[in-house]
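> Okay, here's the structure, questions in a sec.
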Amino acid sequence: MARISGRVFAIVVGTQLLILLCVRLSGFWGGWDAYEGRESVSFIPPPAAVPTSAPPADPPRLHFLVPGHQANFALCQGLRTHLINGFAPVLVNFGADAGSDRGNKYLKLAGVSDYLRSAAVRPGDIVAVVDGFDLWSQLPAHVLVERFVASGKRIVLGTDRQCFPNDPDGPVCNDIPQSPWPTDIYGAKTDTDGIGYARDHTRPRWVNSGILIGYAADVTALYASMISFREEHPEQDSGDSDQRVFAIMFWQRTFPITLDYDADFGISVAFATHDIQFMTDPAYAPAAGIEPWTREHGEVIPRTAVVRNMITDKVPVFIHFPGIAKPLMRNWNTRLWWSMGVENATEILTDDTLTRELTVAATGEKLPYHTICYNHLERIARESRDPGNGPSI
């Protein structure tokens, strides 16, 4: 009798949990009816088979995706930093120019999704997707993998100090977790800048889609769901930014998405220069476990000058310069380790990257860096030594 009663009890409890789950999900997918304006839809597609199994025990492979339709100076400068840090970039939508910035942003999701569904990707692999035109690497690729595996997380997105481009008064900007940073981190001015147009005193709370790291199975399902959303609700997606749809998915909480509040993986420079410190003491990098750059021929370049988040005491793998922060790229390029540390560092690193290959996602073609970026190599070398009249922090 006890065994039968236990089975009955399990069935009853399971039924109740199922009903509760359905009610809960109906609240997520239909919850926008109560809001007016741009963010008012009656249905958002459920995620496509979100995996729940743990990643395999074997060391996963890293797929490092860099969307970029053309090889301009900004893309080539970023690719150089990735190559010298041991990344093997896969160029998404390379050569597929939609004719406008808006159109290229719309194609970004489809290009990444196509690659994720290819035979090159295994469910337990790690996928990183980073902005192509305003993001650099400062630490080695293996550090990214090690930190992600150690985090126990499944999908991590970058953080932002403003909710953009979503409606600042809507649920996507407001009905999300608060930042874990102390509520008085900037004194009485903390979080007083406003939601839609946050500035220097706002804690990182919102999604920045310029950095994504996750297990392939999870990321593949996330992209499938975002594409379904765009197809089912074109009126809700202006095409101005894929970040709008990422923010919606984070708000729904139907995917295992965590934001990178601690800057383990990247830091968004916009509105955050007061939190950033250039670590230039030669003793800092070894003490912090930051290894030098080395090459088979024996050259060694210490990663002496790196960017550190003073609030979290973390040296992130990536430095992101979105929006108003882009002008800082010219000056900061000469202040980081690849332009300092040893004599002729620029020449040594340039020589090392010229023949390194990048993969074109759509075709699988392998192209040397010097072939893709030939027209920009001279300027990259010149600005690594002298930024000219660039701004500083």
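A note on labels: chains of the structure tokens are A, B, ... as shown, every chain counts residues from 1, and ligands are counted from 1 in their shown order.
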Give one line per residue of segment 318-353 of chain A that approaches segment 260-282 of chain A to at most 12 Å, naming the two atoms of the closest pair and their distance in Å to one decimal, counting only C-alpha atoms; sort by chain then ascending residue number and deliver it as CSV.

residue,atom,partner,partner_atom,distance
A:Phe318,CA,A:Gly266,CA,4.3
A:Ile319,CA,A:Ile267,CA,5.3
A:His320,CA,A:Ser268,CA,4.7
A:Phe321,CA,A:Val269,CA,5.4
A:Pro322,CA,A:Ala270,CA,6.2
A:Gly323,CA,A:Ala270,CA,7.0
A:Ile324,CA,A:Ala270,CA,6.3
A:Ala325,CA,A:Ala270,CA,5.0
A:Lys326,CA,A:Ala270,CA,8.5
A:Pro327,CA,A:Ala270,CA,10.6
A:Leu328,CA,A:Val269,CA,8.9
A:Met329,CA,A:Val269,CA,10.0
A:Trp332,CA,A:Phe278,CA,9.7
A:Asn333,CA,A:Phe278,CA,12.0
A:Thr334,CA,A:Phe278,CA,11.7
A:Arg335,CA,A:Phe278,CA,8.0
A:Leu336,CA,A:Phe278,CA,8.0
A:Trp337,CA,A:Thr280,CA,8.6
A:Met340,CA,A:Thr280,CA,9.5
A:Gly341,CA,A:Pro282,CA,8.5
A:Val342,CA,A:Pro282,CA,11.5
> Identify, on the basis of only C-alpha atoms, every residue whose closest approach to segment 203-208 of chain A does not exceed 6 Å; exclude the query and any residue fewer than 3 positions from it along the same chain; express the result as an MDAnalysis selection string.
chainID A and resid 158:161 163 179 247
> Among segment 163-366 of chain A, which residues carry a DSSP assignment of alpha helix (DSSP H), reported as an NGL selection string?
:A and (171-174 or 216-232 or 242-252 or 284-287 or 328-332 or 345-353)
> Residues of segment 309-377 of chain A that have any atom at most 6 Å from an atom of segment 72-91 of chain A: could you tabulate them with the shortest-distance atom pair and the distance in Å to one decimal, using only C-alpha atoms, ordered by chain and increasing number, as CSV?

residue,atom,partner,partner_atom,distance
A:Leu358,CA,A:Pro89,CA,5.5
A:Thr359,CA,A:Val90,CA,4.7
A:Val360,CA,A:Leu91,CA,4.9
A:Ala361,CA,A:Leu91,CA,5.6
A:Cys373,CA,A:Cys76,CA,5.8
A:His376,CA,A:Phe73,CA,5.7
> Using backbone DSSP assignments, extract all strand (DSSP E or B) residues from segment 205-374 of chain A; output them as an MDAnalysis selection string.
chainID A and resid 206:215 257:259 266:268 276:279 293:294 300:301 306:309 314 318:320 357:360 366:368
> Those residues you just picked out, can you put them in a file as a tab-separated table (two decimals), in the first residue's frame with N, CA and C atoms?

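Contents of selection-v9.tsv, as written:
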chain	number	residue	atom	x	y	z
A	206	TRP	N	21.65	45.92	-17.33
A	206	TRP	CA	20.94	45.53	-18.54
A	206	TRP	C	21.84	44.75	-19.51
A	207	VAL	N	21.21	44.19	-20.51
A	207	VAL	CA	21.90	43.35	-21.49
A	207	VAL	C	22.73	44.20	-22.45
A	208	ASN	N	23.94	43.73	-22.71
A	208	ASN	CA	24.74	44.23	-23.82
A	208	ASN	C	25.11	43.01	-24.66
A	209	SER	N	24.59	42.96	-25.86
A	209	SER	CA	24.75	41.77	-26.70
A	209	SER	C	26.07	41.73	-27.44
A	210	GLY	N	26.97	42.68	-27.15
A	210	GLY	CA	28.27	42.68	-27.82
A	210	GLY	C	29.17	41.55	-27.39
A	211	ILE	N	28.84	40.89	-26.27
A	211	ILE	CA	29.60	39.75	-25.77
A	211	ILE	C	28.64	38.66	-25.35
A	212	LEU	N	28.81	37.48	-25.90
A	212	LEU	CA	28.02	36.31	-25.51
A	212	LEU	C	28.94	35.11	-25.44
A	213	ILE	N	28.83	34.35	-24.36
A	213	ILE	CA	29.54	33.08	-24.20
A	213	ILE	C	28.55	32.05	-23.70
A	214	GLY	N	28.57	30.86	-24.28
A	214	GLY	CA	27.64	29.83	-23.81
A	214	GLY	C	27.94	28.49	-24.43
A	215	TYR	N	27.30	27.45	-23.88
A	215	TYR	CA	27.40	26.13	-24.48
A	215	TYR	C	26.57	26.08	-25.76
A	257	ILE	N	20.18	32.43	-18.92
A	257	ILE	CA	21.05	33.56	-19.22
A	257	ILE	C	21.47	34.26	-17.94
A	258	THR	N	22.76	34.50	-17.81
A	258	THR	CA	23.32	35.28	-16.71
A	258	THR	C	24.09	36.45	-17.31
A	259	LEU	N	24.05	37.58	-16.63
A	259	LEU	CA	24.83	38.73	-17.09
A	259	LEU	C	26.19	38.75	-16.41
A	266	GLY	N	34.16	40.40	-19.98
A	266	GLY	CA	34.34	41.63	-20.73
A	266	GLY	C	33.86	42.83	-19.95
A	267	ILE	N	34.30	43.99	-20.39
A	267	ILE	CA	33.84	45.24	-19.78
A	267	ILE	C	33.41	46.18	-20.88
A	268	SER	N	32.24	46.79	-20.70
A	268	SER	CA	31.75	47.81	-21.62
A	268	SER	C	32.27	49.16	-21.12
A	276	ILE	N	37.58	52.08	-14.42
A	276	ILE	CA	38.65	51.37	-15.12
A	276	ILE	C	40.01	51.91	-14.75
A	277	GLN	N	40.95	51.00	-14.59
A	277	GLN	CA	42.32	51.36	-14.27
A	277	GLN	C	43.27	50.62	-15.21
A	278	PHE	N	44.26	51.33	-15.73
A	278	PHE	CA	45.31	50.70	-16.52
A	278	PHE	C	46.39	50.20	-15.56
A	279	MET	N	46.59	48.90	-15.56
A	279	MET	CA	47.60	48.30	-14.69
A	279	MET	C	48.92	48.22	-15.45
A	293	TRP	N	52.87	36.93	-23.37
A	293	TRP	CA	52.74	36.41	-24.72
A	293	TRP	C	54.08	35.82	-25.12
A	294	THR	N	54.05	34.63	-25.70
A	294	THR	CA	55.29	33.98	-26.12
A	294	THR	C	55.14	33.41	-27.53
A	300	VAL	N	59.28	37.06	-26.00
A	300	VAL	CA	58.36	37.11	-24.87
A	300	VAL	C	57.94	38.56	-24.66
A	301	ILE	N	56.64	38.81	-24.64
A	301	ILE	CA	56.11	40.14	-24.40
A	301	ILE	C	55.19	40.07	-23.18
A	306	VAL	N	47.28	46.22	-18.82
A	306	VAL	CA	45.97	45.64	-19.04
A	306	VAL	C	44.92	46.49	-18.34
A	307	VAL	N	43.68	46.37	-18.82
A	307	VAL	CA	42.57	47.10	-18.23
A	307	VAL	C	41.96	46.29	-17.10
A	308	ARG	N	41.74	46.92	-15.97
A	308	ARG	CA	41.15	46.27	-14.79
A	308	ARG	C	39.91	47.01	-14.35
A	309	ASN	N	38.88	46.27	-13.96
A	309	ASN	CA	37.70	46.85	-13.36
A	309	ASN	C	37.97	47.04	-11.87
A	314	LYS	N	38.64	42.73	-11.35
A	314	LYS	CA	38.79	41.73	-12.39
A	314	LYS	C	39.47	42.34	-13.61
A	318	PHE	N	37.81	40.65	-22.59
A	318	PHE	CA	37.47	41.56	-23.68
A	318	PHE	C	37.27	42.99	-23.19
A	319	ILE	N	37.57	43.94	-24.07
A	319	ILE	CA	37.28	45.35	-23.84
A	319	ILE	C	36.35	45.80	-24.96
A	320	HIS	N	35.18	46.30	-24.58
A	320	HIS	CA	34.14	46.65	-25.54
A	320	HIS	C	33.94	48.17	-25.53
A	357	GLU	N	45.33	32.17	-39.97
A	357	GLU	CA	44.14	32.03	-40.81
A	357	GLU	C	42.86	32.28	-40.02
A	358	LEU	N	41.90	32.84	-40.74
A	358	LEU	CA	40.55	33.02	-40.23
A	358	LEU	C	39.60	32.21	-41.10
A	359	THR	N	38.49	31.79	-40.53
A	359	THR	CA	37.52	30.97	-41.26
A	359	THR	C	36.31	31.81	-41.63
A	360	VAL	N	35.88	31.71	-42.88
A	360	VAL	CA	34.65	32.35	-43.32
A	360	VAL	C	33.51	31.39	-43.04
A	366	LYS	N	39.41	29.21	-45.60
A	366	LYS	CA	40.44	29.72	-44.70
A	366	LYS	C	41.21	30.83	-45.42
A	367	LEU	N	41.26	32.00	-44.79
A	367	LEU	CA	41.95	33.13	-45.38
A	367	LEU	C	42.98	33.68	-44.40
A	368	PRO	N	44.21	33.94	-44.86
A	368	PRO	CA	45.21	34.54	-43.97
A	368	PRO	C	44.80	35.96	-43.58
> Atom CA of Thr371 of chain A and atom CA of Ala345 of chain A, how far apart in Å?
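Computed distance, atom CA of Ala345 of chain A to atom CA of Thr371 of chain A, equals 21.8 Å.
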> Looking at A:Asp200, A:Met226, A:Val172, A:Gly289, which one is nearest to Ile185 of chain A, with distances taken over only C-alpha atoms?
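Among A:Asp200, A:Met226, A:Val172, A:Gly289, it is A:Asp200 that comes nearest to Ile185 of chain A.
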> Which of these residues is nearest to Val66 of chain A, using only C-alpha atoms: A:Lys108, A:Arg199, A:Arg122, A:Arg295?
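Residue with the minimum atom-to-atom distance to Val66 of chain A: A:Lys108.
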> Go through A:Gln70, A:Thr183, A:Gln252, A:Ser384 and flag the residue nearest Arg330 of chain A, using only C-alpha atoms for the distances.
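Checking each of A:Gln70, A:Thr183, A:Gln252, A:Ser384 against Arg330 of chain A, counting only C-alpha atoms, the winner is A:Ser384.
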